[in-house]
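> Before I ask anything, here is the structure I am working with.
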Amino acid sequence: MSQTRADIAVIGGTGFYSFLEDPEEVRVETPYGDPSAPVAIGTVAGRRVAFLPRHGTSHEYAPHTIPYRANLWALRSLGVRQVLAPCAVGGLRPEVAPGDVVVPDQLVDRTYRRVPSYVEGGAVHLPFGDPYCDRLSAAVAGTADDVHRGGTMVIIEGPRFSTRAESRHYADQGWTLINMTGHPEAALAREMRQCYTPIALVTDMDAGAESGAGVGQAEVFARFKANLERLTGLLTDAIAALPDPDGCSCSTWADGLELTYSIPGEVPAPVFP
């Protein structure tokens, strides 16, 4: 396999660079502009893995300005078919607590300033009833006894945190986690016919879930940094256990459909009259 190809990608914070063996940076041009950063490709558990820092190498992209379409297209152009997405989340309900790792199975989109799709014309409607890959979720959840599987993650626009009333409203709906980056990342991965699952670290309880001043940025960053070694170990074990993506419904949903956007190496760019 070419050294600039990878089967698996991790989209996460810059602290994850260290888990790649002998990484090589690859700059990728996309029809949607530059991705958040050059893609680093190296080896993990004997497999070729691409890493892309979601917020850029110096955290220059706020959640609502991340070039999500460029990121997923760039990874697909390098051969990536499976995406693991570690992220920081707030907890909304008492069944989770700071320090927990959760693999959710549902999302609720509350964003409003982002381009959520590659579809810009024509009739292409993405099936998204189950937004995350069941195969990947099972592999991640099987890496450790303390990884929780299931729950709903609500994605808010950001960059501000929720008001206490908003947070309580989300909890009252039965939603488990709150995050700012999970959409449209998951939907775009599905449009690229990639398997995708988040790996959510609970860094805090959201403003409406506990008393006090509410969540702050320093608390979130400190909790995530303190758990980097644990998360990189989990990622390494998950990568070693990932199943063959062939035949997964994350890819086969588009079989027989005429897509109106390009998938690199698979579907050419459409030509409209």
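Every chain in the structure tokens has a letter given in the order shown (A, B, ...), and although residue numbers restart at 1 in each chain, ligands are simply numbered from 1 in the order shown.
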Taking only C-alpha atoms into account, produce a table as JSON lines in which each residue of range 170-269 of chain A with an atom at most 9 Å from an atom of range 135-145 of chain A appears once, together with its shortest atom pair and the distance in Å to one decimal, ordered by chain and rising number.

{"residue": "A:Cys195", "atom": "CA", "partner": "A:Leu136", "partner_atom": "CA", "distance": 7.1}
{"residue": "A:Tyr196", "atom": "CA", "partner": "A:Leu136", "partner_atom": "CA", "distance": 6.9}
{"residue": "A:Thr197", "atom": "CA", "partner": "A:Ser137", "partner_atom": "CA", "distance": 5.9}
{"residue": "A:Pro198", "atom": "CA", "partner": "A:Ser137", "partner_atom": "CA", "distance": 8.1}
{"residue": "A:Ile199", "atom": "CA", "partner": "A:Val140", "partner_atom": "CA", "distance": 7.9}
{"residue": "A:Leu234", "atom": "CA", "partner": "A:Thr143", "partner_atom": "CA", "distance": 6.5}
{"residue": "A:Leu235", "atom": "CA", "partner": "A:Val140", "partner_atom": "CA", "distance": 7.7}
{"residue": "A:Asp237", "atom": "CA", "partner": "A:Thr143", "partner_atom": "CA", "distance": 6.1}
{"residue": "A:Ala238", "atom": "CA", "partner": "A:Val140", "partner_atom": "CA", "distance": 5.1}
{"residue": "A:Ile239", "atom": "CA", "partner": "A:Val140", "partner_atom": "CA", "distance": 8.3}
{"residue": "A:Ala241", "atom": "CA", "partner": "A:Ala139", "partner_atom": "CA", "distance": 6.0}
{"residue": "A:Leu242", "atom": "CA", "partner": "A:Ala139", "partner_atom": "CA", "distance": 5.9}
{"residue": "A:Pro243", "atom": "CA", "partner": "A:Arg135", "partner_atom": "CA", "distance": 7.0}
{"residue": "A:Pro245", "atom": "CA", "partner": "A:Arg135", "partner_atom": "CA", "distance": 8.5}
{"residue": "A:Cys248", "atom": "CA", "partner": "A:Arg135", "partner_atom": "CA", "distance": 8.1}
> Just to be explicit: take each residue in the selection above, keep C-alpha atoms, and write the result as a PDB file, in the first residue's frame.

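Saved result, result.pdb, follows:
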ATOM      1  CA  CYS A 195     -18.214   4.095   8.710  1.00  0.00           C
ATOM      2  CA  TYR A 196     -18.135   6.600  11.590  1.00  0.00           C
ATOM      3  CA  THR A 197     -18.461   6.546  15.356  1.00  0.00           C
ATOM      4  CA  PRO A 198     -17.767   9.171  18.018  1.00  0.00           C
ATOM      5  CA  ILE A 199     -15.847   8.317  21.181  1.00  0.00           C
ATOM      6  CA  LEU A 234      -8.485   2.890  23.753  1.00  0.00           C
ATOM      7  CA  LEU A 235      -8.043   4.069  20.168  1.00  0.00           C
ATOM      8  CA  ASP A 237      -7.102  -1.247  20.884  1.00  0.00           C
ATOM      9  CA  ALA A 238     -10.136  -0.235  18.813  1.00  0.00           C
ATOM     10  CA  ILE A 239      -8.090   0.145  15.627  1.00  0.00           C
ATOM     11  CA  ALA A 241     -10.230  -4.710  16.494  1.00  0.00           C
ATOM     12  CA  LEU A 242     -12.000  -2.877  13.669  1.00  0.00           C
ATOM     13  CA  PRO A 243     -13.940  -5.159  11.312  1.00  0.00           C
ATOM     14  CA  PRO A 245     -15.880  -2.361   6.216  1.00  0.00           C
ATOM     15  CA  CYS A 248     -21.493  -2.356   5.803  1.00  0.00           C
TER      16      CYS A 248
END
> What residues in range 79-236 of chain A get the DSSP label alpha helix (DSSP H)? Please answer as a PyMOL selection string.
chain A and resi 134-141+164-172+185-191+217-226+228-236
> Can you list every residue of range 165-256 of chain A that has an atom at most 9 Å from range 92-107 of chain A, with its nearest atom pair and the distance in Å to one decimal, using only C-alpha atoms, ordered by chain then number, as CSV?

residue,atom,partner,partner_atom,distance
A:Ser167,CA,A:Leu92,CA,7.1
A:Arg168,CA,A:Leu92,CA,7.8
A:Tyr170,CA,A:Leu92,CA,7.4
A:Ala171,CA,A:Leu92,CA,5.3
A:Asp172,CA,A:Arg93,CA,8.9
A:Gly174,CA,A:Arg93,CA,7.8
A:Trp175,CA,A:Leu92,CA,6.9
A:Thr176,CA,A:Leu92,CA,5.1
A:Leu177,CA,A:Leu92,CA,5.5
A:Ile178,CA,A:Leu92,CA,7.0
A:Gly182,CA,A:Leu107,CA,8.1
A:His183,CA,A:Leu107,CA,8.4
A:Thr197,CA,A:Val103,CA,7.4
A:Pro198,CA,A:Val103,CA,6.2
A:Ile199,CA,A:Val103,CA,5.2
A:Ala200,CA,A:Val102,CA,5.0
A:Leu201,CA,A:Val101,CA,4.6
A:Val202,CA,A:Pro98,CA,4.9
A:Thr203,CA,A:Pro98,CA,5.0
A:Asp204,CA,A:Pro98,CA,5.0
A:Met205,CA,A:Leu92,CA,6.2
A:Asp206,CA,A:Leu92,CA,5.8
A:Ala207,CA,A:Leu92,CA,8.5
A:Gly208,CA,A:Leu92,CA,7.5
A:Ala209,CA,A:Leu92,CA,5.5
A:Glu210,CA,A:Leu92,CA,8.9
A:Arg223,CA,A:Gly99,CA,7.6
A:Phe224,CA,A:Gly99,CA,8.7
A:Asn227,CA,A:Gly99,CA,7.8
A:Leu231,CA,A:Val101,CA,8.7
> Just list the residues in range 140-225 of chain A DSSP gives strand (DSSP E) on the backbone, as a list of chain:residue names.
A:Val147, A:His148, A:Arg149, A:Thr152, A:Met153, A:Val154, A:Ile155, A:Ile156, A:Leu177, A:Ile178, A:Asn179, A:Cys195, A:Tyr196, A:Thr197, A:Pro198, A:Ile199, A:Ala200, A:Leu201, A:Val202, A:Thr203, A:Asp204, A:Met205
> Quote the spacing between CA of Ser251 in chain A and CA of Val147 in chain A in Å to one decimal place.
26.0 Å
> Considering only C-alpha atoms, can you say which of A:Ala226, A:Ala254, A:Val83, A:Ala269 comes closest to Val124 in chain A?
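For Val124 in chain A, the nearest of the candidates is A:Ala254.
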> Please provide as a PyMOL selection string all residues within 7 Å of range 17-25 of chain A, with the sequence filter that same-chain residues fewer than 6 positions apart are discarded (counting only C-alpha atoms).
chain A and resi 38-44+232
> Keeping only all heavy atoms, write the selected residues to a file as a CSV table (one decimal), in the first residue's frame.

chain,number,residue,atom,x,y,z
A,38,PRO,N,-2.9,19.7,7.4
A,38,PRO,CA,-2.4,18.6,6.7
A,38,PRO,C,-2.7,17.3,7.4
A,38,PRO,O,-2.8,17.3,8.7
A,38,PRO,CB,-0.9,18.8,6.6
A,38,PRO,CG,-0.7,20.3,6.8
A,38,PRO,CD,-1.8,20.7,7.7
A,39,VAL,N,-2.9,16.2,6.7
A,39,VAL,CA,-3.3,14.9,7.3
A,39,VAL,C,-2.0,14.2,7.6
A,39,VAL,O,-1.1,14.1,6.8
A,39,VAL,CB,-4.1,14.1,6.3
A,39,VAL,CG1,-4.5,12.8,7.0
A,39,VAL,CG2,-5.4,14.9,5.9
A,40,ALA,N,-1.9,13.7,8.8
A,40,ALA,CA,-0.7,12.9,9.2
A,40,ALA,C,-1.1,11.4,9.0
A,40,ALA,O,-2.2,11.0,9.5
A,40,ALA,CB,-0.3,13.1,10.7
A,41,ILE,N,-0.2,10.6,8.4
A,41,ILE,CA,-0.5,9.2,8.2
A,41,ILE,C,0.7,8.4,8.8
A,41,ILE,O,1.8,8.7,8.5
A,41,ILE,CB,-0.6,8.9,6.7
A,41,ILE,CG1,-1.8,9.6,6.1
A,41,ILE,CG2,-0.8,7.4,6.4
A,41,ILE,CD1,-2.0,9.4,4.6
A,42,GLY,N,0.3,7.4,9.6
A,42,GLY,CA,1.3,6.6,10.2
A,42,GLY,C,0.8,5.2,10.5
A,42,GLY,O,-0.3,4.8,9.9
A,43,THR,N,1.4,4.5,11.4
A,43,THR,CA,1.0,3.1,11.7
A,43,THR,C,0.5,3.0,13.1
A,43,THR,O,1.1,3.6,14.0
A,43,THR,CB,2.1,2.1,11.4
A,43,THR,OG1,2.6,2.3,10.1
A,43,THR,CG2,1.7,0.7,11.7
A,44,VAL,N,-0.6,2.3,13.3
A,44,VAL,CA,-1.1,2.0,14.6
A,44,VAL,C,-1.6,0.6,14.6
A,44,VAL,O,-2.4,0.2,13.7
A,44,VAL,CB,-2.3,2.9,15.0
A,44,VAL,CG1,-2.9,2.6,16.4
A,44,VAL,CG2,-1.9,4.4,15.0
A,232,THR,N,-5.9,7.4,23.9
A,232,THR,CA,-5.0,6.9,22.9
A,232,THR,C,-4.9,5.4,23.0
A,232,THR,O,-4.8,4.7,22.0
A,232,THR,CB,-3.6,7.6,22.9
A,232,THR,OG1,-3.0,7.5,24.2
A,232,THR,CG2,-3.7,9.0,22.5
> For Leu78 in chain A, which of A:Arg5, A:Arg114, A:His59, A:Arg193 is the closest residue, counting only C-alpha atoms?
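Nearest to Leu78 in chain A: A:Arg5.
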> Can you pull out every residue within 8 Å of Tyr32 in chain A, counting only C-alpha atoms, but drop anything in the same chain fewer than 4 positions away, and send it as a ChimeraX atom specification?
/A:67,69-70
> Just write the chosen residues, C-alpha atoms, as a CSV table (one decimal), in the first residue's frame.

chain,number,residue,atom,x,y,z
A,67,PRO,CA,-14.2,23.0,7.4
A,69,ARG,CA,-16.8,19.0,4.2
A,70,ALA,CA,-13.1,19.5,3.3
> Between A:Val108, A:Leu257, A:Val26, A:Ile155, which is the closest to His125 in chain A once you count only C-alpha atoms?
A:Leu257
> Kindly indicate which residue among A:Ala240, A:Val28, A:Ala9, A:Leu126 lies nearest to Ala74 in chain A, using only C-alpha atoms for the distances.
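Closest to Ala74 in chain A, using only C-alpha atoms: A:Val28.
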> One number please: CA of Asp34 in chain A to CA of Arg81 in chain A, in Å, one decimal.
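Separation of CA of Asp34 in chain A and CA of Arg81 in chain A: 19.9 Å.
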> Mind checking which residues fall within 10 Å of Ser77 in chain A, counting only C-alpha atoms, ignoring those fewer than 6 positions away in the same chain, and posting them as a list in words?
Arg5, Ala6, Val28, Glu29, Thr30, Met192, Ile263, Pro264, Gly265 and Glu266 of chain A
> Which of these, A:Thr57, A:Asn71, A:Thr4, A:Ser117, has the shortest distance to Pro35 in chain A once you count only C-alpha atoms?
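Under the stated criterion, the closest residue is A:Asn71.
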> Would you mind listing what lies within 10 Å of Asp109 in chain A as JSON, numbers by chain, with only C-alpha atoms counted and same-chain residues fewer than 3 positions away left out?
{"A": [112, 153, 154, 155, 156, 157, 180, 182, 183, 184]}
> In terms of the shortest atom-to-atom distance over only C-alpha atoms, which of A:Asn179, A:Glu166, A:Ile11, A:Gln194 is closest to Thr152 in chain A?
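Closest candidate: A:Asn179.
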> How many Å separate CA of Arg113 in chain A from CA of Asp134 in chain A?
28.6 Å
